[in-house]
Amino acid sequence: MSVAFLDIDKGISEPLWLMGVAWHLVLTLHVVNAWMHHEHFKVQHINPAWFIPAVGNVIVPVAGVPLGYLELSWFFFSVGMLFWGILLIIIFYRLMFHAPMDEKLLPTLFILIAPPAVGFIAYRGLVGEIDTFARVLYDAGLFMTLLLFTQLPRFLKLRFFLSWWAYSFPLAAISIASMLMFEHTGEVFYGWLSATLVASLILLIGLLLARTLKAVLGHHICVPEN
């Protein structure tokens, strides 16, 4: 919401940003403490949704830098990047050497796109240009996108779960990142890529809304599992 109001009214954007940042720091500290001192987690429990509370810190600079909070933005960006590396290794270890993920959690694999894509957007705002590290982040996000799109037949066979919404934010993030690459480089490839991704995102959101409404009307959501 802070990002949405950034170009409309900074008087609204700033308090929203400060509130979001404060609560996200509390959430990150609470979750990481729970991870460190747990008594019940197993490697089979982890999935890319675990990125959200810790790696989600990378989104802070998107509005933080324009609002003038440069050092605070660097702090949250650094925290997000730290846990991206940690959790990415654990998740690939879990995927490669343990039983396959449950069907309803498979859509969360798209969250693998979000950290490098959002990281690229945030980092570009922090340094004001697209340098070598920015390109590494973008290309990592683009590779994850390609990797998951090669698995579309597998995803298309899945039954509808609310976890399908995990497709949306990562696709939006790589779409915005591709727009920024086109803006910076002027390369036609990035222009076509961003247009294709945005069109795909619009269709996806329409599909998600329709399938969710159908599931609600059919009483298939928020019911006990068999």
# chains A, B, ... in the order shown; residues from 1 in each chain; ligands from 1
>>> select_by_dssp(residues="chain A", states="alpha helix (DSSP H)", output="JSON, numbers by chain")
{"A": [2, 3, 4, 5, 10, 11, 12, 13, 14, 15, 16, 17, 18, 19, 20, 21, 22, 23, 24, 25, 26, 27, 28, 29, 30, 31, 32, 33, 34, 35, 36, 51, 52, 53, 54, 55, 60, 61, 62, 63, 64, 70, 71, 72, 73, 74, 75, 76, 77, 78, 79, 80, 81, 82, 83, 84, 85, 86, 87, 88, 89, 90, 91, 92, 93, 94, 95, 96, 97, 114, 115, 116, 117, 118, 119, 120, 121, 122, 123, 124, 125, 126, 127, 132, 133, 134, 135, 136, 137, 138, 139, 140, 141, 142, 143, 144, 145, 146, 147, 148, 149, 152, 153, 154, 155, 156, 168, 169, 170, 171, 172, 173, 174, 175, 176, 177, 178, 179, 180, 181, 182, 183, 184, 185, 188, 189, 190, 191, 192, 193, 194, 195, 196, 197, 198, 199, 200, 201, 202, 203, 204, 205, 206, 207, 208, 209, 210, 211, 212, 213, 214, 215, 216, 217]}
>>> residues_around(residues="Thr108 of chain A", least_positions_apart="3", cutoff="9 Å", atoms="only C-alpha atoms", output="list of chain:residue names")
A:Asn47, A:Pro48, A:Ala49, A:Lys104, A:Leu105, A:Ile111, A:Leu112, A:Ser163, A:Trp164, A:Trp165, A:Ala166, A:Tyr167
>>> residues_around(residues="segment 30-34 of chain A", least_positions_apart="5", cutoff="10 Å", atoms="only C-alpha atoms", output="ChimeraX atom specification")
/A:24-25,39,41,50,53-54,83
>>> write_last_selection(atoms="C-alpha atoms", output="compact mmCIF listing (two decimals), in the first residue's frame")
# COMPACT_ATOMS: atom_id res chain seq x y z
CA HIS A 24 7.87 -6.84 9.40
CA LEU A 25 10.94 -6.53 11.63
CA GLU A 39 11.18 -28.79 18.61
CA PHE A 41 10.29 -28.83 12.29
CA TRP A 50 9.08 -19.84 4.04
CA PRO A 53 8.60 -13.56 6.50
CA ALA A 54 12.41 -13.26 6.21
CA PHE A 83 17.97 -15.34 4.25
>>> residues_around(residues="segment 6-22 of chain A", least_positions_apart="2", cutoff="8 Å", atoms="only C-alpha atoms", output="ChimeraX atom specification")
/A:1-4,24-26,60,63-64,67
>>> atom_distance(atom1="atom CA of Leu201 of chain A", atom2="atom CA of Pro100 of chain A")
27.2 Å
>>> atom_distance(atom1="atom CA of Trp192 of chain A", atom2="atom CA of Phe169 of chain A")
19.9 Å
